[in-house]
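**Student:** Below is the file entry.txt, which contains compact mmCIF, C-alpha atoms and all ligand atoms.
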# COMPACT_ATOMS: atom_id res chain seq x y z
CA MET C 28 83.32 109.89 77.26
CA SER C 29 84.07 109.46 73.58
CA VAL C 30 81.42 109.10 70.89
CA GLN C 31 81.98 107.86 67.35
CA ILE C 32 79.24 109.86 65.64
CA LEU C 33 78.75 107.64 62.60
CA ASP C 34 78.73 104.45 64.67
CA ALA C 35 76.21 105.99 67.08
CA MET C 36 74.05 107.06 64.12
CA ALA C 37 74.21 103.59 62.57
CA ARG C 38 73.31 101.90 65.88
CA GLY C 39 70.30 104.12 66.45
CA GLY C 40 69.16 104.41 62.82
CA PHE C 41 69.69 108.18 62.57
CA GLU C 42 69.43 109.89 59.19
CA GLN C 43 71.35 113.10 59.71
CA VAL C 44 73.28 115.03 62.35
CA LEU C 45 74.29 118.66 61.83
CA ALA C 46 76.97 120.31 63.97
CA LEU C 47 76.44 124.06 64.17
CA HIS C 48 78.95 126.75 64.97
CA ASP C 49 78.37 130.48 64.53
CA ARG C 50 81.23 132.87 65.17
CA GLU C 51 79.01 135.95 65.50
CA SER C 52 76.70 134.68 68.25
CA GLY C 53 78.99 132.07 69.83
CA LEU C 54 76.43 129.36 69.03
CA ARG C 55 77.50 125.75 69.33
CA GLY C 56 74.95 123.04 68.88
CA PHE C 57 73.65 119.97 67.14
CA ILE C 58 70.55 119.09 65.16
CA ALA C 59 69.67 115.42 64.85
CA LEU C 60 67.07 114.10 62.43
CA HIS C 61 66.26 110.59 63.49
CA ASP C 62 63.58 109.51 61.06
CA THR C 63 61.71 111.38 58.33
CA GLY C 64 60.24 108.25 56.73
CA CYS C 65 56.65 109.17 57.68
CA GLY C 66 56.96 112.97 57.48
CA PRO C 67 58.98 115.88 58.84
CA ALA C 68 61.08 115.43 61.96
CA PHE C 69 59.39 117.16 64.93
CA GLY C 70 61.46 118.25 67.92
CA GLY C 71 62.14 121.23 70.14
CA ILE C 72 65.29 123.17 70.93
CA ARG C 73 66.99 122.40 74.24
CA ARG C 74 69.46 124.92 75.66
CA TRP C 75 71.46 123.55 78.56
CA SER C 76 74.90 123.90 80.18
CA TYR C 77 76.30 120.55 79.12
CA MET C 78 79.50 119.32 80.74
CA ASP C 79 81.01 118.77 77.29
CA GLU C 80 79.97 118.48 73.65
CA GLN C 81 79.89 114.66 73.72
CA ARG C 82 77.13 114.75 76.31
CA ALA C 83 75.29 117.38 74.29
CA LEU C 84 75.47 115.21 71.18
CA MET C 85 74.28 112.11 73.03
CA ASP C 86 71.38 114.05 74.54
CA CYS C 87 70.44 115.31 71.07
CA LEU C 88 70.51 111.80 69.59
CA ARG C 89 68.49 110.24 72.41
CA LEU C 90 65.92 113.03 72.43
CA SER C 91 65.40 112.90 68.66
CA ARG C 92 64.92 109.13 68.74
CA ALA C 93 62.40 109.47 71.57
CA MET C 94 60.50 111.96 69.39
CA SER C 95 60.23 109.33 66.63
CA HIS C 96 58.76 106.90 69.14
CA LYS C 97 56.28 109.52 70.38
CA CYS C 98 55.14 110.38 66.87
CA ALA C 99 54.68 106.68 66.08
CA LEU C 100 52.78 106.09 69.33
CA VAL C 101 50.19 108.78 68.59
CA GLY C 102 50.07 108.04 64.86
CA LEU C 103 51.38 111.36 63.58
CA PRO C 104 52.66 111.52 59.99
CA ALA C 105 55.99 112.71 61.34
CA GLY C 106 59.28 111.52 62.79
CA GLY C 107 61.73 112.59 65.43
CA GLY C 108 64.28 115.38 65.51
CA LYS C 109 65.93 117.60 68.10
CA MET C 110 68.24 120.54 68.46
CA VAL C 111 70.51 121.14 71.44
CA ILE C 112 72.36 124.39 72.10
CA LEU C 113 75.38 124.32 74.43
CA ASP C 114 74.63 127.16 76.81
CA ARG C 115 77.66 129.11 78.03
CA ASP C 116 78.81 132.54 79.07
CA GLY C 117 79.04 135.03 76.23
CA LEU C 118 76.40 133.36 74.06
CA ASP C 119 74.36 136.08 72.32
CA LEU C 120 70.95 134.52 72.64
CA GLU C 121 69.08 136.55 70.05
CA LEU C 122 71.76 136.14 67.40
CA ALA C 123 72.11 132.44 68.24
CA TYR C 124 68.40 131.68 67.95
CA ARG C 125 68.12 133.72 64.75
CA HIS C 126 70.99 131.69 63.32
CA VAL C 127 69.18 128.50 64.30
CA GLY C 128 66.07 129.84 62.53
CA ARG C 129 68.03 130.32 59.31
CA VAL C 130 69.44 126.79 59.49
CA VAL C 131 65.95 125.36 60.12
CA GLU C 132 64.68 127.32 57.11
CA GLN C 133 67.49 125.90 54.96
CA LEU C 134 66.38 122.40 55.96
CA GLY C 135 63.27 123.19 53.94
CA GLY C 136 60.64 121.61 56.18
CA SER C 137 62.39 118.33 57.00
CA PHE C 138 62.77 119.63 60.61
CA TYR C 139 59.92 121.38 62.42
CA THR C 140 60.94 122.80 65.77
CA GLY C 141 59.51 124.29 68.96
CA PRO C 142 60.05 124.71 72.72
CA ASP C 143 62.04 122.62 75.17
CA VAL C 144 64.10 123.24 78.30
CA GLY C 145 65.76 126.66 77.93
CA THR C 146 63.63 127.66 74.93
CA GLY C 147 60.39 129.51 75.59
CA ASP C 148 58.28 132.13 73.83
CA ARG C 149 61.04 134.75 73.72
CA GLU C 150 63.50 132.41 72.01
CA LEU C 151 60.86 130.97 69.66
CA ALA C 152 59.97 134.49 68.51
CA TRP C 153 63.61 134.94 67.40
CA VAL C 154 63.52 131.60 65.54
CA ALA C 155 60.15 132.45 63.99
CA ALA C 156 61.60 135.70 62.60
CA GLU C 157 63.78 133.54 60.31
CA THR C 158 61.71 130.45 59.50
CA LYS C 159 58.14 129.25 59.16
CA PHE C 160 59.07 125.74 60.36
CA VAL C 161 58.56 126.51 64.07
CA THR C 162 55.58 126.53 66.41
CA SER C 163 54.22 130.06 66.78
CA PRO C 164 54.95 131.47 70.20
CA GLY C 165 51.89 133.77 70.16
CA ALA C 166 48.12 133.40 70.03
CA ASP C 167 48.32 131.41 66.77
CA GLY C 168 50.47 128.77 68.42
CA PRO C 169 49.61 125.46 70.05
CA GLY C 170 48.73 127.04 73.40
CA ASP C 171 50.03 126.08 76.82
CA LEU C 172 52.15 123.00 76.00
CA PRO C 173 53.39 122.45 79.58
CA GLN C 174 49.75 122.39 80.73
CA ALA C 175 48.87 119.83 78.05
CA THR C 176 51.87 117.76 79.12
CA CYS C 177 50.86 118.08 82.77
CA GLU C 178 47.36 116.77 81.95
CA GLY C 179 48.87 113.74 80.20
CA VAL C 180 51.18 112.98 83.10
CA PHE C 181 48.37 113.41 85.66
CA ALA C 182 46.02 111.11 83.71
CA GLY C 183 48.73 108.47 83.26
CA MET C 184 49.73 108.68 86.92
CA ALA C 185 46.10 108.15 87.95
CA GLU C 186 45.83 105.10 85.68
CA GLY C 187 49.07 103.71 87.10
CA LEU C 188 47.76 104.03 90.66
CA ARG C 189 44.43 102.43 89.71
CA HIS C 190 46.38 99.58 88.13
CA LEU C 191 48.27 99.07 91.41
CA ASP C 192 45.46 99.65 93.90
CA GLY C 193 42.20 99.06 92.06
CA ASP C 194 40.80 102.45 93.02
CA LEU C 195 42.24 105.89 93.62
CA ASN C 196 41.96 108.28 96.50
CA TRP C 197 44.42 111.15 96.05
CA SER C 198 44.15 112.22 99.69
CA ASP C 199 46.20 109.22 100.86
CA LYS C 200 48.83 109.55 98.12
CA THR C 201 52.25 111.19 98.24
CA VAL C 202 53.86 112.36 95.00
CA VAL C 203 57.47 113.53 94.77
CA ILE C 204 58.06 115.86 91.81
CA GLN C 205 61.63 116.32 90.60
CA GLY C 206 61.81 119.67 88.80
CA LEU C 207 59.28 122.45 89.38
CA GLY C 208 59.55 124.19 86.01
CA GLY C 209 56.87 124.58 83.36
CA VAL C 210 55.41 121.09 83.70
CA GLY C 211 56.41 120.29 87.29
CA SER C 212 54.84 123.43 88.78
CA ARG C 213 51.56 122.82 86.93
CA LEU C 214 51.57 119.19 88.06
CA ALA C 215 52.18 120.30 91.65
CA ARG C 216 49.13 122.56 91.50
CA LYS C 217 46.92 119.89 89.92
CA LEU C 218 47.93 117.22 92.43
CA ALA C 219 47.54 119.59 95.39
CA GLU C 220 44.06 120.54 94.15
CA ALA C 221 43.20 116.82 93.87
CA GLY C 222 44.18 116.42 97.54
CA ALA C 223 47.51 114.62 97.24
CA ARG C 224 50.49 115.35 99.47
CA VAL C 225 53.02 116.91 97.11
CA VAL C 226 56.74 117.05 97.79
CA GLY C 227 58.82 119.00 95.28
CA ALA C 228 62.50 119.49 94.57
CA ASP C 229 64.30 121.88 92.26
CA VAL C 230 67.98 122.72 91.87
CA ASP C 231 66.87 126.36 91.58
CA PRO C 232 65.97 127.33 95.18
CA GLU C 233 64.06 130.45 94.10
CA ARG C 234 61.86 128.39 91.80
CA ALA C 235 61.22 125.88 94.59
CA ALA C 236 60.29 128.66 96.99
CA ALA C 237 57.93 130.27 94.47
CA VAL C 238 56.06 127.01 93.81
CA LYS C 239 55.89 126.26 97.53
CA ALA C 240 54.34 129.67 98.19
CA ALA C 241 51.87 129.40 95.30
CA HIS C 242 50.60 125.87 95.90
CA GLN C 243 51.46 125.08 99.55
CA ILE C 244 53.57 122.04 98.72
CA GLU C 245 56.49 120.66 100.71
CA ILE C 246 60.01 121.19 99.42
CA VAL C 247 63.01 118.92 99.86
CA ASP C 248 66.65 119.34 98.98
CA PRO C 249 67.28 117.77 95.52
CA ALA C 250 69.98 115.62 97.13
CA ARG C 251 67.18 113.85 99.08
CA GLU C 252 64.51 113.61 96.40
CA PHE C 253 65.02 109.89 95.70
CA GLU C 254 64.86 108.91 99.35
CA ILE C 255 61.42 110.25 100.23
CA PRO C 256 58.96 107.38 100.74
CA CYS C 257 56.13 108.05 98.30
CA ASP C 258 53.55 106.47 96.03
CA VAL C 259 54.73 108.23 92.88
CA PHE C 260 58.05 109.65 91.81
CA ALA C 261 57.47 112.12 88.97
CA PRO C 262 60.63 113.16 87.11
CA CYS C 263 59.95 116.54 85.46
CA ALA C 264 63.51 117.80 85.00
CA MET C 265 66.22 116.19 82.88
CA GLY C 266 66.71 112.73 81.36
CA GLY C 267 68.90 109.85 82.51
CA ILE C 268 68.07 110.36 86.18
CA LEU C 269 67.32 106.71 86.95
CA HIS C 270 70.63 104.88 86.85
CA ASP C 271 72.57 102.27 88.85
CA LEU C 272 72.70 104.42 92.00
CA THR C 273 69.32 106.15 92.00
CA VAL C 274 67.24 103.06 91.17
CA LYS C 275 68.46 101.56 94.45
CA ARG C 276 67.61 104.70 96.44
CA LEU C 277 64.13 105.17 95.04
CA GLN C 278 61.32 104.77 97.62
CA ALA C 279 58.34 104.88 95.22
CA ARG C 280 55.79 102.36 93.93
CA LEU C 281 55.26 104.12 90.60
CA VAL C 282 57.47 106.24 88.33
CA ALA C 283 55.46 108.55 86.09
CA GLY C 284 56.78 111.86 84.84
CA ALA C 285 57.27 114.24 81.94
CA ALA C 286 61.04 114.22 81.55
CA ASN C 287 62.27 112.68 78.32
CA ASN C 288 64.45 109.55 78.58
CA ILE C 289 64.01 109.07 82.33
CA LEU C 290 65.95 105.79 82.26
CA ALA C 291 69.70 106.15 81.76
CA ARG C 292 69.63 102.76 79.99
CA SER C 293 66.88 100.25 79.28
CA VAL C 294 68.38 97.85 81.86
CA HIS C 295 67.27 100.33 84.54
CA GLY C 296 63.67 99.58 83.54
CA ASP C 297 64.38 95.93 84.32
CA GLN C 298 65.91 96.92 87.66
CA LEU C 299 62.79 98.91 88.56
CA HIS C 300 60.66 95.89 87.64
CA GLN C 301 62.80 93.61 89.84
CA ARG C 302 62.27 96.04 92.73
CA GLY C 303 58.50 95.93 92.17
CA VAL C 304 58.28 99.52 90.93
CA LEU C 305 55.84 100.19 88.09
CA TYR C 306 57.32 102.45 85.41
CA ILE C 307 55.19 104.23 82.82
CA PRO C 308 57.41 105.14 79.85
CA ASP C 309 57.80 108.87 79.46
CA ILE C 310 56.95 108.76 75.75
CA ALA C 311 53.50 107.43 76.66
CA LEU C 312 52.86 110.20 79.18
CA ASN C 313 54.39 113.28 77.60
CA SER C 314 53.57 112.81 73.92
P1 LIG C 401 61.68 123.54 82.61
O1 LIG C 401 63.04 123.92 82.13
O2 LIG C 401 60.60 124.57 82.62
O3 LIG C 401 61.79 122.92 84.09
C1 LIG C 401 62.77 122.00 84.47
C2 LIG C 401 63.07 122.30 85.95
O4 LIG C 401 63.87 121.23 86.46
C3 LIG C 401 63.84 123.59 86.19
O5 LIG C 401 63.16 124.38 87.16
C4 LIG C 401 65.22 123.10 86.71
O6 LIG C 401 65.79 124.00 87.64
C5 LIG C 401 64.83 121.78 87.36
N1 LIG C 401 65.91 120.79 87.49
C6 LIG C 401 66.92 120.48 86.64
N2 LIG C 401 67.64 119.46 87.11
C7 LIG C 401 67.09 119.10 88.31
C8 LIG C 401 67.37 118.11 89.31
N3 LIG C 401 68.39 117.25 89.17
N4 LIG C 401 66.59 118.03 90.42
C9 LIG C 401 65.56 118.89 90.58
N5 LIG C 401 65.25 119.86 89.68
C10 LIG C 401 65.98 119.95 88.56
O7 LIG C 401 61.24 122.26 81.70
P2 LIG C 401 59.75 121.72 81.43
O8 LIG C 401 59.19 122.36 80.21
O9 LIG C 401 58.96 121.75 82.71
O10 LIG C 401 60.05 120.21 81.03
C11 LIG C 401 60.44 119.27 82.01
C12 LIG C 401 60.80 117.95 81.33
O11 LIG C 401 59.66 117.47 80.59
C13 LIG C 401 61.94 118.06 80.31
O12 LIG C 401 62.69 116.86 80.31
C14 LIG C 401 61.20 118.19 78.98
O13 LIG C 401 61.97 117.72 77.89
C15 LIG C 401 60.01 117.27 79.23
N6 LIG C 401 58.86 117.61 78.40
C16 LIG C 401 58.30 118.84 78.47
C17 LIG C 401 57.22 119.15 77.66
C18 LIG C 401 56.57 120.50 77.72
O14 LIG C 401 55.47 120.64 77.19
N7 LIG C 401 57.17 121.50 78.35
C19 LIG C 401 56.69 118.19 76.78
C20 LIG C 401 57.27 116.92 76.76
C21 LIG C 401 58.36 116.64 77.57
Kindly present the structure from the file in structure tokens form.
**Tutor:**
Amino acid sequence: MSVQILDAMARGGFEQVLALHDRESGLRGFIALHDTGCGPAFGGIRRWSYMDEQRALMDCLRLSRAMSHKCALVGLPAGGGKMVILDRDGLDLELAYRHVGRVVEQLGGSFYTGPDVGTGDRELAWVAAETKFVTSPGADGPGDLPQATCEGVFAGMAEGLRHLDGDLNWSDKTVVIQGLGGVGSRLARKLAEAGARVVGADVDPERAAAVKAAHQIEIVDPAREFEIPCDVFAPCAMGGILHDLTVKRLQARLVAGAANNILARSVHGDQLHQRGVLYIPDIALNS
């Protein structure tokens, strides 16, 4: 995989990409500012073990562009940005996040950051020690963001099912949730309380077991998650999970989830349509 950064930026209309390296903490990462035409770029910090830096860069670009679309959709005077940190052994987390905070401060308010996969309250507190351009992790902050996201996904999922069936009775619905983290575990609880049959999968077996015990849901091996016949497949893990192979394996009538950039490429939306699967874009559900 080889990416020409400037070509990729020109194709996607990106304003700025910063490559960060910090010798002291071992930090390696990227910040992408997609569009600040309407206001500051909003976007969280994702920390993930990427296979290589090209994939990290592409994830950063795609996530920041999706943030622009989300801001436009809800009419915020803001645009899209994102930071990704390449997680690896030896990374000093506190020093790394503090370094990120100083870089965000230097950007002077053109990038306003917050949580994402791998970045929770602990990490945000380190960032907040260095910059004011970050969501507060404490009581002054925006509250339980995964719960807010879960509510949006649940409401959108319900609308999707009503669109397909005319009415909605959760007790005869099966929902497969991919990823039982912050959003997925809350969604599992909400769906179970509504009476749906919930089947969950997580690559972290301890997490899967904990959610199973807490909310009495069924668990499947992540290798089988696409093959479970269900009404709704709810991706709540990473992006790009619907591609040439998985679209064919999917046994759902509706795809509705929180994960950003669920489709590997837009053509996979067309393939879902051809298979008669309704897809609700993630930016509409998780914004
Ligand atoms: P999280 O890190 O808390 O949870 C993600 C979970 O997915 C983890 O438990 C991980 O082990 C699991 N996972 C990873 N790959 C998997 C796979 N292939 N199969 C099954 N499980 C897998 O993240 P989160 O905060 O719950 O967010 C989930 C998704 O929703 C992310 O894509 C995030 O960008 C998006 N999102 C989250 C919010 C929010 O408020 N937290 C808002 C908007 C969008």
**Student:** Can you pull out every residue within 8 Å of segment 228-234 of chain C, counting all atoms listed in the file, but drop anything in the same chain fewer than 4 positions away, and send it as a ChimeraX atom specification?
**Tutor:** /C:203-208,238,246-249,252
**Student:** For ligand LIG 401 (chain C), which residue out of C:Ala166, C:Leu134, C:Ala219, C:Val210 is the nearest one, using all atoms listed in the file?
**Tutor:**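 Once distances to ligand LIG 401 (chain C) are computed over all atoms listed in the file, the minimum belongs to C:Val210.
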**Student:** Atom CA of Leu269 of chain C and atom CA of Asp86 of chain C are how many Å apart?
**Tutor:**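 Atom CA of Asp86 of chain C lies 15.0 Å from atom CA of Leu269 of chain C.
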**Student:** Per residue of chain C within 9 Å of ligand LIG 401 (chain C), record the nearest atom pair and its distance in Å to one decimal, counting all atoms listed in the file, with rows in chain order and ascending residue number, as JSON lines.
**Tutor:**
{"residue": "C:Gly71", "atom": "CA", "partner": "C:LIG401", "partner_atom": "O13", "distance": 8.5}
{"residue": "C:Arg73", "atom": "CA", "partner": "C:LIG401", "partner_atom": "O13", "distance": 7.8}
{"residue": "C:Leu90", "atom": "CA", "partner": "C:LIG401", "partner_atom": "O13", "distance": 8.2}
{"residue": "C:Pro142", "atom": "CA", "partner": "C:LIG401", "partner_atom": "N7", "distance": 7.1}
{"residue": "C:Asp143", "atom": "CA", "partner": "C:LIG401", "partner_atom": "O13", "distance": 5.6}
{"residue": "C:Val144", "atom": "CA", "partner": "C:LIG401", "partner_atom": "O1", "distance": 4.0}
{"residue": "C:Gly145", "atom": "CA", "partner": "C:LIG401", "partner_atom": "O1", "distance": 5.7}
{"residue": "C:Thr146", "atom": "CA", "partner": "C:LIG401", "partner_atom": "O1", "distance": 8.1}
{"residue": "C:Gly147", "atom": "CA", "partner": "C:LIG401", "partner_atom": "O2", "distance": 8.6}
{"residue": "C:Asp171", "atom": "CA", "partner": "C:LIG401", "partner_atom": "O14", "distance": 7.7}
{"residue": "C:Leu172", "atom": "CA", "partner": "C:LIG401", "partner_atom": "O14", "distance": 4.2}
{"residue": "C:Pro173", "atom": "CA", "partner": "C:LIG401", "partner_atom": "O14", "distance": 3.6}
{"residue": "C:Gln174", "atom": "CA", "partner": "C:LIG401", "partner_atom": "O14", "distance": 7.0}
{"residue": "C:Ala175", "atom": "CA", "partner": "C:LIG401", "partner_atom": "O14", "distance": 6.7}
{"residue": "C:Thr176", "atom": "CA", "partner": "C:LIG401", "partner_atom": "O14", "distance": 5.0}
{"residue": "C:Cys177", "atom": "CA", "partner": "C:LIG401", "partner_atom": "O14", "distance": 7.7}
{"residue": "C:Ile204", "atom": "CA", "partner": "C:LIG401", "partner_atom": "C9", "distance": 8.2}
{"residue": "C:Gln205", "atom": "CA", "partner": "C:LIG401", "partner_atom": "C9", "distance": 4.7}
{"residue": "C:Gly206", "atom": "CA", "partner": "C:LIG401", "partner_atom": "O4", "distance": 3.5}
{"residue": "C:Leu207", "atom": "CA", "partner": "C:LIG401", "partner_atom": "O5", "distance": 4.9}
{"residue": "C:Gly208", "atom": "CA", "partner": "C:LIG401", "partner_atom": "O3", "distance": 3.2}
{"residue": "C:Gly209", "atom": "CA", "partner": "C:LIG401", "partner_atom": "O9", "distance": 3.6}
{"residue": "C:Val210", "atom": "CA", "partner": "C:LIG401", "partner_atom": "O9", "distance": 3.7}
{"residue": "C:Gly211", "atom": "CA", "partner": "C:LIG401", "partner_atom": "O9", "distance": 5.4}
{"residue": "C:Ser212", "atom": "CA", "partner": "C:LIG401", "partner_atom": "O9", "distance": 7.5}
{"residue": "C:Arg213", "atom": "CA", "partner": "C:LIG401", "partner_atom": "O9", "distance": 8.6}
{"residue": "C:Gly227", "atom": "CA", "partner": "C:LIG401", "partner_atom": "C9", "distance": 8.2}
{"residue": "C:Ala228", "atom": "CA", "partner": "C:LIG401", "partner_atom": "C9", "distance": 5.1}
{"residue": "C:Asp229", "atom": "CA", "partner": "C:LIG401", "partner_atom": "N5", "distance": 3.4}
{"residue": "C:Val230", "atom": "CA", "partner": "C:LIG401", "partner_atom": "N5", "distance": 4.5}
{"residue": "C:Asp231", "atom": "CA", "partner": "C:LIG401", "partner_atom": "O6", "distance": 4.7}
{"residue": "C:Pro232", "atom": "CA", "partner": "C:LIG401", "partner_atom": "O6", "distance": 8.2}
{"residue": "C:Arg234", "atom": "CA", "partner": "C:LIG401", "partner_atom": "O5", "distance": 6.3}
{"residue": "C:Ala235", "atom": "CA", "partner": "C:LIG401", "partner_atom": "O5", "distance": 7.8}
{"residue": "C:Asp248", "atom": "CA", "partner": "C:LIG401", "partner_atom": "C9", "distance": 8.5}
{"residue": "C:Pro249", "atom": "CA", "partner": "C:LIG401", "partner_atom": "N4", "distance": 5.2}
{"residue": "C:Ala250", "atom": "CA", "partner": "C:LIG401", "partner_atom": "N4", "distance": 7.9}
{"residue": "C:Glu252", "atom": "CA", "partner": "C:LIG401", "partner_atom": "N4", "distance": 7.7}
{"residue": "C:Pro262", "atom": "CA", "partner": "C:LIG401", "partner_atom": "C12", "distance": 7.5}
{"residue": "C:Cys263", "atom": "CA", "partner": "C:LIG401", "partner_atom": "C11", "distance": 4.4}
{"residue": "C:Ala264", "atom": "CA", "partner": "C:LIG401", "partner_atom": "O4", "distance": 3.7}
{"residue": "C:Met265", "atom": "CA", "partner": "C:LIG401", "partner_atom": "O12", "distance": 4.4}
{"residue": "C:Gly266", "atom": "CA", "partner": "C:LIG401", "partner_atom": "O12", "distance": 5.9}
{"residue": "C:Ile268", "atom": "CA", "partner": "C:LIG401", "partner_atom": "N3", "distance": 7.5}
{"residue": "C:Gly284", "atom": "CA", "partner": "C:LIG401", "partner_atom": "O11", "distance": 7.6}
{"residue": "C:Ala285", "atom": "CA", "partner": "C:LIG401", "partner_atom": "O11", "distance": 4.2}
{"residue": "C:Ala286", "atom": "CA", "partner": "C:LIG401", "partner_atom": "O12", "distance": 3.4}
{"residue": "C:Asn287", "atom": "CA", "partner": "C:LIG401", "partner_atom": "O12", "distance": 4.6}
{"residue": "C:Asn288", "atom": "CA", "partner": "C:LIG401", "partner_atom": "O12", "distance": 7.7}
{"residue": "C:Ile289", "atom": "CA", "partner": "C:LIG401", "partner_atom": "O12", "distance": 8.2}
{"residue": "C:Asp309", "atom": "CA", "partner": "C:LIG401", "partner_atom": "C21", "distance": 8.0}
{"residue": "C:Ile310", "atom": "CA", "partner": "C:LIG401", "partner_atom": "C21", "distance": 8.2}
{"residue": "C:Leu312", "atom": "CA", "partner": "C:LIG401", "partner_atom": "C20", "distance": 8.4}
{"residue": "C:Asn313", "atom": "CA", "partner": "C:LIG401", "partner_atom": "C20", "distance": 4.7}
{"residue": "C:Ser314", "atom": "CA", "partner": "C:LIG401", "partner_atom": "C20", "distance": 6.2}
**Student:** Considering only C-alpha atoms, return as a CSV table (one decimal) with C-alpha atoms, keeping the file's coordinate frame whatever protein or nucleic-acid residues lie within 9 Å of segment 137-139 of chain C, sequence-local ones (same chain, fewer than 2 positions apart) excluded.
**Tutor:**
chain,number,residue,atom,x,y,z
C,60,LEU,CA,67.1,114.1,62.4
C,63,THR,CA,61.7,111.4,58.3
C,66,GLY,CA,57.0,113.0,57.5
C,67,PRO,CA,59.0,115.9,58.8
C,68,ALA,CA,61.1,115.4,62.0
C,69,PHE,CA,59.4,117.2,64.9
C,70,GLY,CA,61.5,118.2,67.9
C,71,GLY,CA,62.1,121.2,70.1
C,107,GLY,CA,61.7,112.6,65.4
C,108,GLY,CA,64.3,115.4,65.5
C,109,LYS,CA,65.9,117.6,68.1
C,131,VAL,CA,66.0,125.4,60.1
C,132,GLU,CA,64.7,127.3,57.1
C,134,LEU,CA,66.4,122.4,56.0
C,135,GLY,CA,63.3,123.2,53.9
C,141,GLY,CA,59.5,124.3,69.0
C,159,LYS,CA,58.1,129.2,59.2
C,160,PHE,CA,59.1,125.7,60.4
C,161,VAL,CA,58.6,126.5,64.1
C,162,THR,CA,55.6,126.5,66.4
**Student:** Please indicate the distance in Å from atom CA of Asn196 of chain C to atom CA of His300 of chain C, rounded to one decimal place.
**Tutor:** 24.1 Å
**Student:** Using atom CA of Lys97 of chain C and atom CA of Gln43 of chain C as the two end points, give the distance in Å to one decimal.
**Tutor:**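 Result for atom CA of Lys97 of chain C versus atom CA of Gln43 of chain C: 18.8 Å, one decimal.
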**Student:** Every residue with an atom at most 8 Å from (53.2, 119.0, 95.7) (file coordinates; all atoms listed in the file) is what I'm after, so could you write them as number ranges by chain?
**Tutor:** C: 202-204, 214-216, 218-219, 223-227, 239, 242-245
**Student:** Find, counting only C-alpha atoms, the residue in C:Gly53, C:Pro308, C:Gly40, C:Gly64 that gets nearest to Gly187 of chain C.
**Tutor:**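 Answer, going by the shortest atom-to-atom distance: C:Pro308.
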**Student:** Using all atoms listed in the file, what residues lie at most 12 Å away from (81.7, 110.4, 72.4) (file coordinates), given as a VMD selection string?
**Tutor:** chain C and resid 28 to 36 79 to 86 88
**Student:** Calculated over all atoms listed in the file, which of the candidates C:Ala185, C:Cys65, C:Ala123, C:Ala152 has the smallest distance to Pro104 of chain C?
**Tutor:**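 Among C:Ala185, C:Cys65, C:Ala123, C:Ala152, it is C:Cys65 that comes nearest to Pro104 of chain C.
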**Student:** Which one is closest to Val180 of chain C: C:Phe57, C:Phe260, C:Phe41, C:Tyr77? Count all atoms listed in the file.
**Tutor:**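 Comparing C:Phe57, C:Phe260, C:Phe41, C:Tyr77 against Val180 of chain C, the winner is C:Phe260.
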**Student:** Padding 3 Å on every side, please: axis-aligned box over the listed atoms of segment 286-302 of chain C, centre and edge lengths to one decimal in Å, as lines of an AutoDock Vina configuration file.
**Tutor:**
center_x = 65.2
center_y = 103.9
center_z = 85.5
size_x = 15.0
size_y = 26.6
size_z = 20.4
**Student:** Hey, what's within 10 Å of Gly296 of chain C if we count only C-alpha atoms and toss same-chain stuff fewer than 6 positions away? As a PDB file with C-alpha atoms, in the frame of the given file, please?
**Tutor:**
ATOM      1  CA  LEU C 269      67.320 106.710  86.950  1.00  0.00           C
ATOM      2  CA  HIS C 270      70.630 104.880  86.850  1.00  0.00           C
ATOM      3  CA  VAL C 274      67.240 103.060  91.170  1.00  0.00           C
ATOM      4  CA  ILE C 289      64.010 109.070  82.330  1.00  0.00           C
ATOM      5  CA  LEU C 290      65.950 105.790  82.260  1.00  0.00           C
ATOM      6  CA  ARG C 302      62.270  96.040  92.730  1.00  0.00           C
ATOM      7  CA  VAL C 304      58.280  99.520  90.930  1.00  0.00           C
ATOM      8  CA  LEU C 305      55.840 100.190  88.090  1.00  0.00           C
ATOM      9  CA  TYR C 306      57.320 102.450  85.410  1.00  0.00           C
ATOM     10  CA  ILE C 307      55.190 104.230  82.820  1.00  0.00           C
ATOM     11  CA  PRO C 308      57.410 105.140  79.850  1.00  0.00           C
TER      12      PRO C 308
END
